[in-house]
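Quick look at structure.pdb (PDB, C-alpha atoms, pLDDT in the B column):
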```pdb
ATOM      1  CA  MET A 272     -14.165  -4.070  10.996  1.00 43.00           C
ATOM      2  CA  LEU A 273     -12.080  -0.899  10.560  1.00 46.00           C
ATOM      3  CA  ASN A 274     -10.878  -1.050  14.157  1.00 48.00           C
ATOM      4  CA  THR A 275      -9.918  -4.667  13.625  1.00 47.00           C
ATOM      5  CA  ALA A 276      -7.829  -3.751  10.585  1.00 47.00           C
ATOM      6  CA  ILE A 277      -6.049  -1.019  12.490  1.00 48.00           C
ATOM      7  CA  SER A 278      -5.472  -3.111  15.590  1.00 49.00           C
ATOM      8  CA  THR A 279      -4.090  -6.017  13.565  1.00 50.00           C
ATOM      9  CA  GLN A 280      -1.774  -3.856  11.492  1.00 57.00           C
ATOM     10  CA  PRO A 281       1.638  -5.522  11.396  1.00 60.00           C
ATOM     11  CA  ASN A 282       4.220  -3.869  13.644  1.00 64.00           C
ATOM     12  CA  ASP A 283       6.683  -3.517  10.778  1.00 73.00           C
ATOM     13  CA  ILE A 284       4.362  -1.151   8.883  1.00 83.00           C
ATOM     14  CA  SER A 285       4.400   2.510   9.860  1.00 84.00           C
ATOM     15  CA  THR A 286       0.967   3.963  10.567  1.00 86.00           C
ATOM     16  CA  SER A 287       1.971   7.127   8.691  1.00 86.00           C
ATOM     17  CA  ILE A 288       1.881   5.316   5.329  1.00 89.00           C
ATOM     18  CA  THR A 289      -1.528   3.790   5.958  1.00 92.00           C
ATOM     19  CA  LYS A 290      -3.469   7.046   6.257  1.00 92.00           C
ATOM     20  CA  ASN A 291      -3.463   8.368   2.691  1.00 94.00           C
ATOM     21  CA  TRP A 292      -2.950   7.020  -0.777  1.00 96.00           C
ATOM     22  CA  THR A 293       0.487   7.750  -2.259  1.00 94.00           C
ATOM     23  CA  LYS A 294       1.755   7.415  -5.796  1.00 93.00           C
ATOM     24  CA  GLN A 295       3.542   4.173  -4.889  1.00 92.00           C
ATOM     25  CA  ALA A 296       0.486   2.737  -3.114  1.00 95.00           C
ATOM     26  CA  VAL A 297      -1.704   3.514  -6.133  1.00 96.00           C
ATOM     27  CA  GLU A 298       0.861   1.855  -8.408  1.00 94.00           C
ATOM     28  CA  CYS A 299       0.754  -1.271  -6.244  1.00 95.00           C
ATOM     29  CA  TYR A 300      -3.057  -1.166  -6.229  1.00 96.00           C
ATOM     30  CA  SER A 301      -3.129  -0.786 -10.035  1.00 95.00           C
ATOM     31  CA  LEU A 302      -0.760  -3.741 -10.422  1.00 95.00           C
ATOM     32  CA  ASN A 303      -2.960  -5.786  -8.090  1.00 94.00           C
ATOM     33  CA  GLY A 304       0.065  -6.377  -5.875  1.00 91.00           C
ATOM     34  CA  ASP A 305       2.091  -7.987  -8.679  1.00 91.00           C
ATOM     35  CA  CYS A 306       5.580  -7.205  -7.390  1.00 87.00           C
ATOM     36  CA  SER A 307       7.239  -8.451 -10.585  1.00 87.00           C
ATOM     37  CA  LYS A 308       5.863  -5.384 -12.409  1.00 90.00           C
ATOM     38  CA  CYS A 309       6.576  -2.849  -9.652  1.00 89.00           C
ATOM     39  CA  SER A 310       8.998   0.047 -10.137  1.00 85.00           C
ATOM     40  CA  ILE A 311      10.422  -0.507  -6.642  1.00 78.00           C
ATOM     41  CA  LYS A 312      11.126  -4.173  -7.349  1.00 70.00           C
ATOM     42  CA  GLN A 313      12.840  -3.224 -10.599  1.00 70.00           C
ATOM     43  CA  ALA A 314      15.161  -0.896  -8.653  1.00 71.00           C
ATOM     44  CA  HIS A 315      16.525  -3.965  -6.799  1.00 70.00           C
ATOM     45  CA  TYR A 316      16.120  -2.655  -3.258  1.00 71.00           C
ATOM     46  CA  THR A 317      17.230  -5.070  -0.562  1.00 72.00           C
ATOM     47  CA  PHE A 318      14.151  -4.773   1.674  1.00 77.00           C
ATOM     48  CA  ASP A 319      10.973  -6.813   1.557  1.00 80.00           C
ATOM     49  CA  CYS A 320       8.186  -4.632   0.224  1.00 84.00           C
ATOM     50  CA  GLN A 321       5.208  -4.214   2.519  1.00 89.00           C
ATOM     51  CA  MET A 322       3.146  -2.215   0.029  1.00 92.00           C
ATOM     52  CA  PRO A 323       0.598  -4.981  -0.733  1.00 92.00           C
ATOM     53  CA  LYS A 324      -0.230  -5.015   3.001  1.00 94.00           C
ATOM     54  CA  VAL A 325      -0.373  -1.212   3.056  1.00 95.00           C
ATOM     55  CA  VAL A 326      -2.785  -1.247   0.098  1.00 96.00           C
ATOM     56  CA  GLU A 327      -5.163  -3.591   1.924  1.00 96.00           C
ATOM     57  CA  ILE A 328      -5.136  -1.336   4.991  1.00 95.00           C
ATOM     58  CA  LEU A 329      -5.637   1.787   2.846  1.00 96.00           C
ATOM     59  CA  LYS A 330      -8.642   0.233   1.108  1.00 96.00           C
ATOM     60  CA  LEU A 331     -10.254  -0.243   4.518  1.00 95.00           C
ATOM     61  CA  ILE A 332      -9.307   3.151   5.935  1.00 93.00           C
ATOM     62  CA  ALA A 333      -9.356   5.479   2.922  1.00 94.00           C
ATOM     63  CA  GLY A 334     -11.462   3.529   0.433  1.00 95.00           C
ATOM     64  CA  GLU A 335     -10.487   2.776  -3.139  1.00 96.00           C
ATOM     65  CA  PRO A 336      -8.012   5.246  -4.676  1.00 96.00           C
ATOM     66  CA  ASP A 337      -8.794   7.584  -7.549  1.00 93.00           C
ATOM     67  CA  ILE A 338      -6.346   6.163 -10.063  1.00 88.00           C
ATOM     68  CA  ASN A 339      -6.690   9.317 -12.226  1.00 89.00           C
ATOM     69  CA  LYS A 340      -5.559  11.611  -9.401  1.00 90.00           C
ATOM     70  CA  ASP A 341      -1.960  12.874  -9.279  1.00 88.00           C
ATOM     71  CA  TYR A 342      -0.698  11.807  -5.845  1.00 86.00           C
TER      72      TYR A 342
END
```
Let me see the file written as structure tokens.
Amino acid sequence: MLNTAISTQPNDISTSITKNWTKQAVECYSLNGDCSKCSIKQAHYTFDCQMPKVVEILKLIAGEPDINKDY
């Protein structure tokens, strides 16, 4: 299953951000992918956020994050 997740990773997502949990990834995880509450969305960036997809890949590769850890 893990190999399937890696091999089906969308081409527009860098593999470097799907190896370890980051502060932003943990925020997205904690918000359950609710972009309306995200700090990036509130900054009005012009790109489409891929973080919900990154979070799903991270859960498969790195497991659930420690939400009490300072990333």
For this file, the PyMOL selection byres ((chain A and resi 339) around 12) selects which residues, as JSON, numbers by chain?
{"A": [294, 297, 298, 301, 335, 336, 337, 338, 340, 341, 342]}
Written as a ChimeraX atom specification, what is the full residue list that the PyMOL selection byres ((chain A and resi 320) around 12) yields on the file shown?
/A:283-284,295-296,299,304-307,309-319,321-326
What does the distance between CA of Thr286 in chain A and CA of Leu302 in chain A come to in Å, to one decimal place?
22.4 Å
Hey, can I get the axis-aligned box for range 309-318 of chain A? All listed atoms, 8 Å padding on each side, centre and edge lengths in Å to one decimal, as lines of an AutoDock Vina configuration file.
```
center_x = 11.9
center_y = -2.5
center_z = -4.5
size_x = 26.7
size_y = 21.1
size_z = 28.3
```
Do you know which residues are at most 8 Å from Thr289 in chain A counting all atoms listed in the file, after dropping those on the same chain fewer than 2 positions away, and could you put them as an mmCIF file with C-alpha atoms, in the frame of the given file?
```cif
data_model
loop_
_atom_site.group_PDB
_atom_site.id
_atom_site.type_symbol
_atom_site.label_atom_id
_atom_site.label_comp_id
_atom_site.auth_asym_id
_atom_site.auth_seq_id
_atom_site.Cartn_x
_atom_site.Cartn_y
_atom_site.Cartn_z
ATOM 1 C CA SER A 285 4.400 2.510 9.860
ATOM 2 C CA THR A 286 0.967 3.963 10.567
ATOM 3 C CA SER A 287 1.971 7.127 8.691
ATOM 4 C CA ASN A 291 -3.463 8.368 2.691
ATOM 5 C CA TRP A 292 -2.950 7.020 -0.777
ATOM 6 C CA VAL A 325 -0.373 -1.212 3.056
ATOM 7 C CA VAL A 326 -2.785 -1.247 0.098
ATOM 8 C CA ILE A 328 -5.136 -1.336 4.991
ATOM 9 C CA LEU A 329 -5.637 1.787 2.846
ATOM 10 C CA ILE A 332 -9.307 3.151 5.935
#
```
